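Chemist: Input structure: run-v2.txt, which contains compact mmCIF, C-alpha atoms.
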```txt
# COMPACT_ATOMS: atom_id res chain seq x y z
CA MET A 540 0.00 0.00 0.00
CA THR A 541 1.30 3.45 -0.92
CA ASP A 542 2.30 5.67 1.99
CA TYR A 543 0.93 9.00 0.78
CA GLU A 544 1.74 10.70 4.07
CA LYS A 545 5.50 10.38 3.58
CA PHE A 546 5.43 12.90 0.72
CA LYS A 547 5.60 16.65 1.08
CA ILE A 548 4.10 18.35 -1.97
CA ARG A 549 4.87 21.94 -2.89
CA HIS A 550 1.64 23.27 -4.35
CA ASN A 551 3.19 26.01 -6.46
CA VAL A 552 1.19 25.88 -9.70
CA ILE A 553 -0.43 29.19 -10.55
CA THR A 554 -3.32 30.00 -12.89
CA LEU A 555 -2.33 31.67 -16.14
CA GLY A 556 -3.92 32.30 -19.52
CA LYS A 557 -2.71 31.40 -23.00
CA LYS A 558 -2.40 35.10 -23.83
CA GLU A 559 0.19 35.57 -21.07
CA TYR A 560 2.31 32.81 -22.61
CA ASP A 561 1.95 34.35 -26.08
CA ILE A 562 3.09 37.74 -24.78
CA ALA A 563 6.12 36.21 -23.00
CA ILE A 564 7.15 34.23 -26.09
CA ASP A 565 6.66 37.19 -28.42
CA LYS A 566 8.71 39.44 -26.14
CA PHE A 567 11.63 36.99 -26.07
CA VAL A 568 11.48 36.28 -29.82
CA ARG A 569 11.43 39.96 -30.80
CA LYS A 570 14.46 40.65 -28.61
CA ALA A 571 16.37 37.59 -29.85
CA LEU A 572 15.75 38.26 -33.55
CA LYS A 573 17.46 41.64 -33.17
CA ASN A 574 20.67 39.86 -32.17
CA LYS A 575 23.16 39.56 -35.04
CA ASP A 576 23.90 35.90 -34.28
CA VAL A 577 20.30 34.65 -34.25
CA VAL A 578 19.38 32.84 -37.47
CA SER A 579 16.04 31.30 -36.53
CA ILE A 580 13.72 30.49 -33.61
CA TYR A 581 11.38 27.51 -33.19
CA LYS A 582 9.07 26.45 -30.38
CA ILE A 583 8.83 22.83 -29.27
CA GLY A 584 5.30 21.59 -28.64
CA SER A 585 2.28 23.72 -27.80
CA ILE A 586 0.89 25.59 -24.80
CA ARG A 587 -2.17 23.43 -24.28
CA TYR A 588 -2.36 23.89 -20.53
CA PRO A 589 -1.40 27.41 -19.41
CA GLY A 590 -0.02 27.33 -15.89
CA LEU A 591 1.16 23.74 -16.36
CA SER A 592 2.89 23.92 -19.74
CA ASP A 593 6.42 25.28 -20.02
CA ILE A 594 8.00 27.19 -22.90
CA ASP A 595 10.61 25.31 -24.94
CA LEU A 596 12.39 27.52 -27.46
CA ILE A 597 15.21 26.53 -29.80
CA VAL A 598 17.37 29.43 -30.94
CA PHE A 599 19.49 28.66 -33.99
CA LEU A 600 22.69 30.69 -34.04
CA LYS A 601 25.54 31.33 -36.44
CA ASP A 602 28.11 28.57 -36.06
CA ARG A 603 30.56 30.98 -34.43
CA PRO A 604 28.36 33.46 -32.55
CA LYS A 605 29.97 36.58 -31.10
CA HIS A 606 27.04 38.50 -29.64
CA PHE A 607 24.68 35.88 -28.15
CA SER A 608 25.42 35.10 -24.51
CA ILE A 609 23.83 33.70 -21.36
CA LYS A 610 24.23 37.11 -19.75
CA LYS A 611 21.97 38.71 -22.36
CA PHE A 612 19.46 35.91 -22.89
CA SER A 613 19.19 33.97 -19.63
CA ILE A 614 15.70 33.60 -18.18
CA LYS A 615 17.20 35.18 -15.06
CA ASN A 616 16.61 38.48 -16.86
CA LEU A 617 12.86 37.83 -17.05
CA SER A 618 10.11 38.70 -14.59
CA ALA A 619 9.04 36.13 -11.98
CA LYS A 620 5.93 35.26 -13.99
CA GLU A 621 7.91 34.87 -17.22
CA LYS A 622 10.48 32.64 -15.47
CA TYR A 623 7.62 30.50 -14.20
CA MET A 624 6.35 30.01 -17.76
CA PHE A 625 9.77 29.26 -19.28
CA MET A 626 10.99 27.07 -16.37
CA HIS A 627 14.42 26.64 -17.99
CA GLU A 628 16.85 28.30 -20.40
CA ILE A 629 16.38 28.17 -24.16
CA PHE A 630 18.14 25.57 -26.34
CA ALA A 631 21.03 26.90 -28.43
CA VAL A 632 21.79 25.08 -31.71
CA PRO A 633 24.15 25.94 -34.59
CA ASP A 634 22.66 26.87 -37.95
CA SER A 635 24.66 24.10 -39.65
CA MET A 636 22.76 21.50 -37.60
CA GLY A 637 19.36 23.04 -38.28
CA GLY A 638 17.90 20.25 -40.37
CA LYS A 639 19.41 17.49 -38.22
CA ILE A 640 18.17 18.29 -34.72
CA LYS A 641 15.49 15.59 -34.75
CA LEU A 642 18.32 13.07 -35.15
CA LEU A 643 19.93 14.45 -32.01
CA TYR A 644 16.72 14.60 -29.98
CA PRO A 645 13.34 13.20 -31.11
CA ILE A 646 11.17 16.32 -31.28
CA PHE A 647 7.66 15.57 -32.47
CA SER A 648 6.29 19.09 -32.88
CA LEU A 649 8.09 22.27 -33.97
CA GLU A 650 6.56 25.68 -34.69
CA HIS A 651 8.52 28.30 -36.62
CA LEU A 652 8.52 31.67 -34.82
CA GLY A 653 10.89 33.73 -36.93
CA GLY A 654 13.99 33.81 -39.12
CA LYS A 655 15.18 31.01 -41.39
CA LYS A 656 13.02 27.93 -42.02
CA TYR A 657 14.56 24.45 -42.04
CA ASP A 658 13.63 21.20 -43.75
CA PHE A 659 14.01 18.78 -40.85
CA ILE A 660 15.24 15.23 -41.46
CA GLU A 661 12.87 12.77 -39.82
CA PRO A 662 14.61 10.01 -37.82
CA GLU A 663 14.32 6.35 -38.75
CA THR A 664 13.69 3.70 -36.10
CA SER A 665 17.41 2.90 -35.94
CA ASP A 666 18.12 6.57 -35.10
CA PHE A 667 15.95 6.32 -31.99
CA ILE A 668 17.96 3.43 -30.57
CA PRO A 669 21.19 5.29 -29.64
CA PHE A 670 19.10 8.09 -28.17
CA PHE A 671 17.02 5.68 -26.13
CA ILE A 672 20.03 3.75 -24.85
CA GLN A 673 22.11 6.77 -23.92
CA GLU A 674 19.82 9.65 -23.08
CA TYR A 675 16.81 7.76 -21.77
CA VAL A 676 18.65 5.50 -19.37
CA LYS A 677 20.80 8.40 -18.25
CA GLY A 678 18.27 11.13 -17.80
CA TYR A 679 14.80 9.73 -17.50
CA MET A 680 14.89 6.51 -15.53
CA SER A 681 16.21 7.54 -12.14
CA TRP A 682 14.00 10.51 -11.24
CA PRO A 683 11.13 8.48 -9.66
CA ASP A 684 13.62 6.79 -7.30
CA ARG A 685 15.05 10.17 -6.35
CA ILE A 686 11.64 11.64 -5.54
CA ILE A 687 10.47 8.56 -3.64
CA ARG A 688 13.69 8.59 -1.61
CA LYS A 689 13.50 12.29 -0.74
CA GLY A 690 9.74 12.40 -0.33
CA ILE A 691 9.52 15.93 -1.75
CA ILE A 692 7.42 16.71 -4.82
CA ASP A 693 7.46 20.02 -6.66
CA GLU A 694 4.07 20.18 -8.33
CA ARG A 695 5.20 22.63 -11.02
CA GLU A 696 8.10 20.40 -12.05
CA ILE A 697 6.46 17.01 -11.70
CA ILE A 698 3.52 17.62 -14.08
CA PRO A 699 5.65 18.05 -17.26
CA GLN A 700 8.05 15.35 -16.02
CA VAL A 701 5.29 12.77 -15.66
CA TYR A 702 3.76 13.79 -18.97
CA ALA A 703 7.12 13.41 -20.74
CA THR A 704 7.04 9.69 -19.93
CA LYS A 705 4.34 9.48 -22.60
CA TYR A 706 7.00 10.29 -25.21
CA SER A 707 9.48 7.83 -23.69
CA ILE A 708 6.86 5.10 -24.00
CA GLY A 709 6.26 6.16 -27.61
CA ILE A 710 9.96 5.85 -28.48
CA TYR A 711 10.21 2.51 -26.67
CA GLN A 712 7.20 1.20 -28.60
CA LYS A 713 8.72 2.31 -31.93
CA ILE A 714 11.93 0.42 -31.21
CA LEU A 715 10.88 -2.68 -29.32
CA GLY A 716 7.11 -2.90 -29.42
CA TYR A 717 5.25 -3.87 -26.25
CA SER A 718 6.61 -6.94 -24.46
CA SER A 719 3.10 -8.12 -23.57
CA LYS A 720 -0.56 -7.16 -23.85
CA GLU A 721 -0.57 -6.49 -20.12
CA PHE A 722 2.35 -4.06 -20.39
CA GLU A 723 0.68 -2.32 -23.33
CA ARG A 724 -2.50 -1.95 -21.27
CA LYS A 725 -0.49 -0.52 -18.36
CA CYS A 726 1.28 2.00 -20.61
CA ARG A 727 -1.95 3.13 -22.24
CA GLN A 728 -3.60 3.54 -18.85
CA TYR A 729 -0.61 5.55 -17.62
CA ILE A 730 -0.85 7.92 -20.59
CA LYS A 731 -4.59 8.35 -20.08
CA VAL A 732 -4.17 9.21 -16.37
CA ALA A 733 -1.27 11.61 -17.11
CA GLU A 734 -3.33 13.37 -19.78
CA ASN A 735 -6.39 13.59 -17.53
CA LEU A 736 -4.25 15.02 -14.74
CA ARG A 737 -3.36 18.00 -16.92
CA GLU A 738 -6.82 18.27 -18.44
CA ASP A 739 -8.63 18.30 -15.08
CA PHE A 740 -5.89 19.79 -12.92
CA TYR A 741 -7.73 22.92 -11.79
CA LYS A 742 -11.02 21.06 -11.35
CA THR A 743 -9.59 18.27 -9.18
CA LYS A 744 -9.45 18.63 -5.40
CA LYS A 745 -5.94 19.07 -4.05
CA ASP A 746 -5.89 15.88 -1.92
CA GLU A 747 -7.18 13.78 -4.80
CA ARG A 748 -4.67 15.38 -7.16
CA ASP A 749 -1.82 14.62 -4.77
CA LYS A 750 -2.70 10.92 -4.72
CA ILE A 751 -2.87 10.79 -8.52
CA ILE A 752 0.59 12.39 -8.78
CA ILE A 753 2.13 10.01 -6.21
CA ASP A 754 0.55 6.98 -7.90
CA LEU A 755 1.94 8.16 -11.25
CA ILE A 756 5.45 8.48 -9.80
CA TYR A 757 5.39 4.88 -8.58
CA LEU A 758 3.89 3.71 -11.87
CA THR A 759 6.58 5.62 -13.80
CA LYS A 760 9.21 3.69 -11.86
CA GLU A 761 7.49 0.40 -12.66
CA ILE A 762 7.16 1.20 -16.38
CA ASN A 763 10.75 2.48 -16.56
CA ASN A 764 12.07 -0.72 -15.02
CA ALA A 765 10.10 -2.85 -17.48
CA MET A 766 11.37 -0.81 -20.44
CA PHE A 767 14.90 -0.99 -19.07
CA PHE A 768 14.92 -4.78 -18.87
CA ASP A 769 13.46 -5.04 -22.38
CA LEU A 770 16.25 -2.72 -23.52
CA LYS A 771 18.83 -4.90 -21.80
CA LYS A 772 17.50 -7.99 -23.61
CA TYR A 773 17.72 -6.11 -26.88
CA LEU A 774 21.33 -5.13 -26.19
CA ASP A 775 22.28 -8.66 -25.14
CA LYS A 776 21.04 -9.81 -28.52
CA ASN A 777 22.64 -7.07 -30.60
CA ILE A 778 25.99 -6.35 -28.94
CA LYS A 779 28.82 -8.72 -29.79
CA THR A 780 30.61 -10.24 -26.84
CA LYS A 781 34.19 -9.87 -28.05
CA PRO A 782 36.46 -8.93 -25.12
CA ARG A 783 37.17 -5.19 -24.80
CA THR A 784 35.22 -4.33 -27.94
CA ILE A 785 32.53 -2.74 -25.85
CA THR A 786 32.01 -2.37 -22.13
CA LEU A 787 28.42 -1.92 -21.08
CA TYR A 788 27.24 -1.26 -17.56
CA LEU A 789 23.56 -0.81 -16.92
CA GLY A 790 23.22 -2.12 -13.38
CA PHE A 791 20.16 -3.28 -11.50
CA ARG A 792 19.07 0.31 -11.04
CA PRO A 793 19.57 1.79 -14.49
CA ASN A 794 22.01 4.63 -14.02
CA ILE A 795 24.94 4.32 -16.37
CA VAL A 796 25.58 3.37 -19.97
CA VAL A 797 29.22 3.38 -21.01
CA PHE A 798 30.65 2.59 -24.42
CA ASN A 799 34.41 2.74 -24.15
CA LYS A 800 36.95 0.34 -25.60
CA HIS A 801 39.86 1.47 -23.46
CA ILE A 802 38.32 1.31 -20.02
CA ASP A 803 40.22 -0.87 -17.56
CA TYR A 804 38.76 -2.91 -14.72
CA MET A 805 39.50 -0.41 -11.93
CA GLU A 806 37.92 2.41 -13.90
CA PHE A 807 34.91 0.20 -14.49
CA LEU A 808 34.56 -0.40 -10.74
CA ASN A 809 34.90 3.31 -10.00
CA ILE A 810 32.27 4.24 -12.58
CA ARG A 811 29.75 2.04 -10.81
CA PHE A 812 29.99 4.19 -7.70
CA LEU A 813 30.01 7.64 -9.26
CA PRO A 814 27.50 9.91 -7.49
CA SER A 815 25.90 11.09 -10.73
CA ASN A 816 24.76 9.05 -13.69
CA PHE A 817 26.22 9.75 -17.11
CA SER A 818 26.86 8.07 -20.41
CA LEU A 819 29.44 8.45 -23.13
CA ILE A 820 30.25 7.07 -26.51
CA CYS A 821 33.60 6.95 -28.31
CA LYS A 822 33.72 6.70 -32.08
CA LYS A 823 36.61 4.24 -32.29
CA ASP A 824 34.77 1.75 -30.08
CA LEU A 825 31.95 1.04 -32.49
CA SER A 826 33.60 -0.90 -35.30
CA GLY A 827 32.35 -4.46 -35.10
CA ALA A 828 30.60 -3.87 -31.78
CA PHE A 829 27.10 -4.69 -33.00
CA ASN A 830 25.51 -7.64 -34.74
CA ASP A 831 23.24 -5.25 -36.61
CA GLU A 832 25.12 -3.07 -39.13
CA LYS A 833 22.26 -0.56 -39.22
CA LEU A 834 22.53 -0.09 -35.47
CA GLU A 835 26.28 0.46 -35.72
CA LYS A 836 25.77 3.13 -38.39
CA ALA A 837 23.11 4.83 -36.27
CA PHE A 838 25.58 5.12 -33.38
CA GLU A 839 28.29 6.45 -35.68
CA LYS A 840 25.88 9.02 -37.11
CA ARG A 841 24.91 10.09 -33.62
CA TYR A 842 28.52 10.38 -32.53
CA LYS A 843 29.25 12.80 -35.38
CA LEU A 844 26.26 14.94 -34.41
CA ILE A 845 27.31 15.00 -30.76
CA GLU A 846 30.87 15.89 -31.75
CA GLN A 847 29.60 18.81 -33.87
CA TYR A 848 27.21 19.96 -31.13
CA ASP A 849 29.92 19.70 -28.46
CA ASP A 850 32.26 21.80 -30.56
CA PHE A 851 29.62 24.50 -30.99
CA ILE A 852 28.50 24.64 -27.34
CA TYR A 853 31.85 24.62 -25.58
CA LYS A 854 33.93 26.67 -28.01
CA ASN A 855 31.32 29.41 -27.85
CA ASN A 856 30.77 29.31 -24.08
CA LEU A 857 27.10 28.33 -24.38
CA GLY A 858 27.10 25.48 -21.87
CA ARG A 859 24.73 27.23 -19.46
CA PHE A 860 21.88 27.15 -21.95
CA MET A 861 19.75 24.00 -22.18
CA MET A 862 21.27 21.30 -24.36
CA LEU A 863 19.60 18.79 -26.67
CA THR A 864 21.94 16.07 -25.44
CA ASN A 865 23.81 15.31 -22.23
CA MET A 866 26.32 13.22 -24.13
CA LYS A 867 29.96 14.16 -24.56
CA SER A 868 32.06 13.22 -27.58
CA GLN A 869 35.23 13.26 -25.48
CA PHE A 870 35.42 12.19 -21.85
CA ASN A 871 38.40 11.15 -19.72
CA ILE A 872 37.04 8.77 -17.09
CA THR A 873 40.22 8.54 -15.00
CA SER A 874 40.61 12.32 -14.86
CA PHE A 875 36.95 12.72 -13.93
CA ILE A 876 37.23 10.20 -11.07
CA LYS A 877 40.41 11.83 -9.72
CA LYS A 878 38.72 15.23 -9.66
CA ARG A 879 35.71 13.84 -7.80
CA VAL A 880 37.92 12.07 -5.26
CA SER A 881 40.07 15.16 -4.66
CA LYS A 882 36.94 17.28 -4.09
CA ASN A 883 35.65 14.84 -1.50
```
Give the structure from the file, written as structure tokens.
Modeler:
Amino acid sequence: MTDYEKFKIRHNVITLGKKEYDIAIDKFVRKALKNKDVVSIYKIGSIRYPGLSDIDLIVFLKDRPKHFSIKKFSIKNLSAKEKYMFMHEIFAVPDSMGGKIKLLYPIFSLEHLGGKKYDFIEPETSDFIPFFIQEYVKGYMSWPDRIIRKGIIDEREIIPQVYATKYSIGIYQKILGYSSKEFERKCRQYIKVAENLREDFYKTKKDERDKIIIDLIYLTKEINNAMFFDLKKYLDKNIKTKPRTITLYLGFRPNIVVFNKHIDYMEFLNIRFLPSNFSLICKKDLSGAFNDEKLEKAFEKRYKLIEQYDDFIYKNNLGRFMMLTNMKSQFNITSFIKKRVSKN
């Protein structure tokens, strides 16, 4: 039985109208388009539920921007109400990657707000697999455990987080299909409850709403674990078992995915106990690593995109904006571990 009393919920959602979102977006877009480095601006998704929805903007910049900075365009410069609507910084992407961003991150809805228009390349199923393995396991699987452990729920943050699981399920289904009719039923029920939560949020009594949110957190954990083990079966089938070709650690609690040919045993042990989860992929490790040639090519394609994106973000000091990937094209494990140990 769920212990609802153990959770402390911050009821910090406020009532807003669609017009207020439109004004905030228009204000930001007009300012950004005046900047010499801004090539184009797109919005991800729609504002279907004002007060619950957040604003996701992608700003496409010249490949070597000189005038666009976090100091000028951080949401910290906005009013309290505008910050509430945005929730996070904008995404910065180079113009040269404009048509490829859906290969980096599966975005299902984009609205052009100004500047250059792009013809976006739509990902194939094989393109979703590297994303799902790296980004999903890294970023999306552990949050229910964290909330359950701490017992603190931020209502403003949890609503979009729970709803985002709908898209994770969609990607999983594209790649692997449902493992059983029962699991399909559970996923569909989850999506229905998550959608109804947003639809009826302001009409639902607070105590009842709290229970729905807590139940969804536990159900997210259950669904994530099921998807994780299906993913592990898929990898067991598709990754060759040649020694040192590929080292994969997923763990019982899915925290880490590592692809690295030159990792030694001690580094492997240290990685398992790192305080934060991360994943990395190294280009030279992929040759002959997979039974499926299409899968290998998808990883190689993704590596090149990450390498290009890395170069743009870090050479132009844009790392404090939101990023479409948490991956790194270059990562020194030993150096990272030594730094963490010395800090502690």
Chemist: Counting all atoms listed in the file, select every polymer residue within 12 Å of (19.8, -1.0, -41.4) as defined in the file's coordinates, and provide the selection as a PDB file with C-alpha atoms, in the coordinates of the input.
Modeler:
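Result saved to point05.pdb:
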```pdb
ATOM      1  CA  GLU A 663      14.320   6.350 -38.750  1.00  0.00           C
ATOM      2  CA  THR A 664      13.690   3.700 -36.100  1.00  0.00           C
ATOM      3  CA  SER A 665      17.410   2.900 -35.940  1.00  0.00           C
ATOM      4  CA  ASP A 666      18.120   6.570 -35.100  1.00  0.00           C
ATOM      5  CA  ILE A 668      17.960   3.430 -30.570  1.00  0.00           C
ATOM      6  CA  PHE A 829      27.100  -4.690 -33.000  1.00  0.00           C
ATOM      7  CA  ASN A 830      25.510  -7.640 -34.740  1.00  0.00           C
ATOM      8  CA  ASP A 831      23.240  -5.250 -36.610  1.00  0.00           C
ATOM      9  CA  GLU A 832      25.120  -3.070 -39.130  1.00  0.00           C
ATOM     10  CA  LYS A 833      22.260  -0.560 -39.220  1.00  0.00           C
ATOM     11  CA  LEU A 834      22.530  -0.090 -35.470  1.00  0.00           C
ATOM     12  CA  GLU A 835      26.280   0.460 -35.720  1.00  0.00           C
ATOM     13  CA  LYS A 836      25.770   3.130 -38.390  1.00  0.00           C
ATOM     14  CA  ALA A 837      23.110   4.830 -36.270  1.00  0.00           C
ATOM     15  CA  PHE A 838      25.580   5.120 -33.380  1.00  0.00           C
TER      16      PHE A 838
END
```
Chemist: Which one of A:Leu596, A:Ile852, A:Ala631, A:Leu770 sits closest to Phe567 (chain A) if you count all atoms listed in the file?
Modeler: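 Using all atoms listed in the file, Phe567 (chain A) sits closest to A:Leu596.
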Chemist: Against region 682-698 of chain A, which residues of region 557-628 of chain A fall within 9 Å? For each one I want the closest pair of atoms and the distance in Å (one decimal), counting only C-alpha atoms, rows by chain and increasing residue number, as a Markdown table.
Modeler:
```
| residue | atom | partner | partner_atom | distance |
| --- | --- | --- | --- | --- |
| A:Gly590 | CA | A:Arg695 | CA | 8.5 |
| A:Leu591 | CA | A:Arg695 | CA | 6.8 |
| A:Ser592 | CA | A:Ile698 | CA | 8.5 |
| A:Tyr623 | CA | A:Arg695 | CA | 8.8 |
| A:Met626 | CA | A:Glu696 | CA | 8.5 |
```
Chemist: If we count only C-alpha atoms, what is near Leu857 (chain A) at a cut-off of 10 Å, once residues fewer than 2 positions away on the same chain are taken out, given as number ranges by chain?
Modeler: A: 604, 607-609, 630-632, 849, 851-855, 859-862
Chemist: Taking (11.6, 22.4, -28.6) in the file's own coordinates, collect the residues within 10 Å, counting only C-alpha atoms, and hand them back as a PyMOL selection string.
Modeler: chain A and resi 580-585+594-598+629-630+640-641+644-650+863
Chemist: State, in Å with one decimal place, the distance from CA of Asp576 (chain A) to CA of Lys601 (chain A).
Modeler: 5.3 Å
Chemist: May I ask which of the residues A:Met766, A:Ile778, A:Leu600, A:Ile714 is the closest one to Ala571 (chain A), counting only C-alpha atoms?
Modeler: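 Counting only C-alpha atoms, the residue closest to Ala571 (chain A) is A:Leu600.
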Chemist: Rounded to one decimal in Å, what is the spacing between CA of Asn777 (chain A) and CA of Lys713 (chain A)?
Modeler: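 Separation of CA of Asn777 (chain A) and CA of Lys713 (chain A): 16.8 Å.
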Chemist: Have a look at CA of Ser681 (chain A) and CA of Tyr702 (chain A) and let me know their distance in Å, one decimal.
Modeler: 15.5 Å
Chemist: Applying 10 Å and all atoms listed in the file, which residues near region 727-741 of chain A remain after dropping the ones on its own chain fewer than 6 positions away? List them as a list of chain:residue names.
Modeler: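 In the requested format, the answer is A:Val552, A:Ile553, A:Thr554, A:Arg587, A:Tyr588, A:Pro589, A:Gly590, A:Leu591, A:Ser592, A:Ile698, A:Pro699, A:Val701, A:Tyr702, A:Ala703, A:Thr704, A:Lys705, A:Tyr706, A:Ile708, A:Glu721, A:Arg748, A:Ile751, A:Ile752, A:Asp754, A:Leu755, A:Leu758, A:Thr759, A:Ile762.
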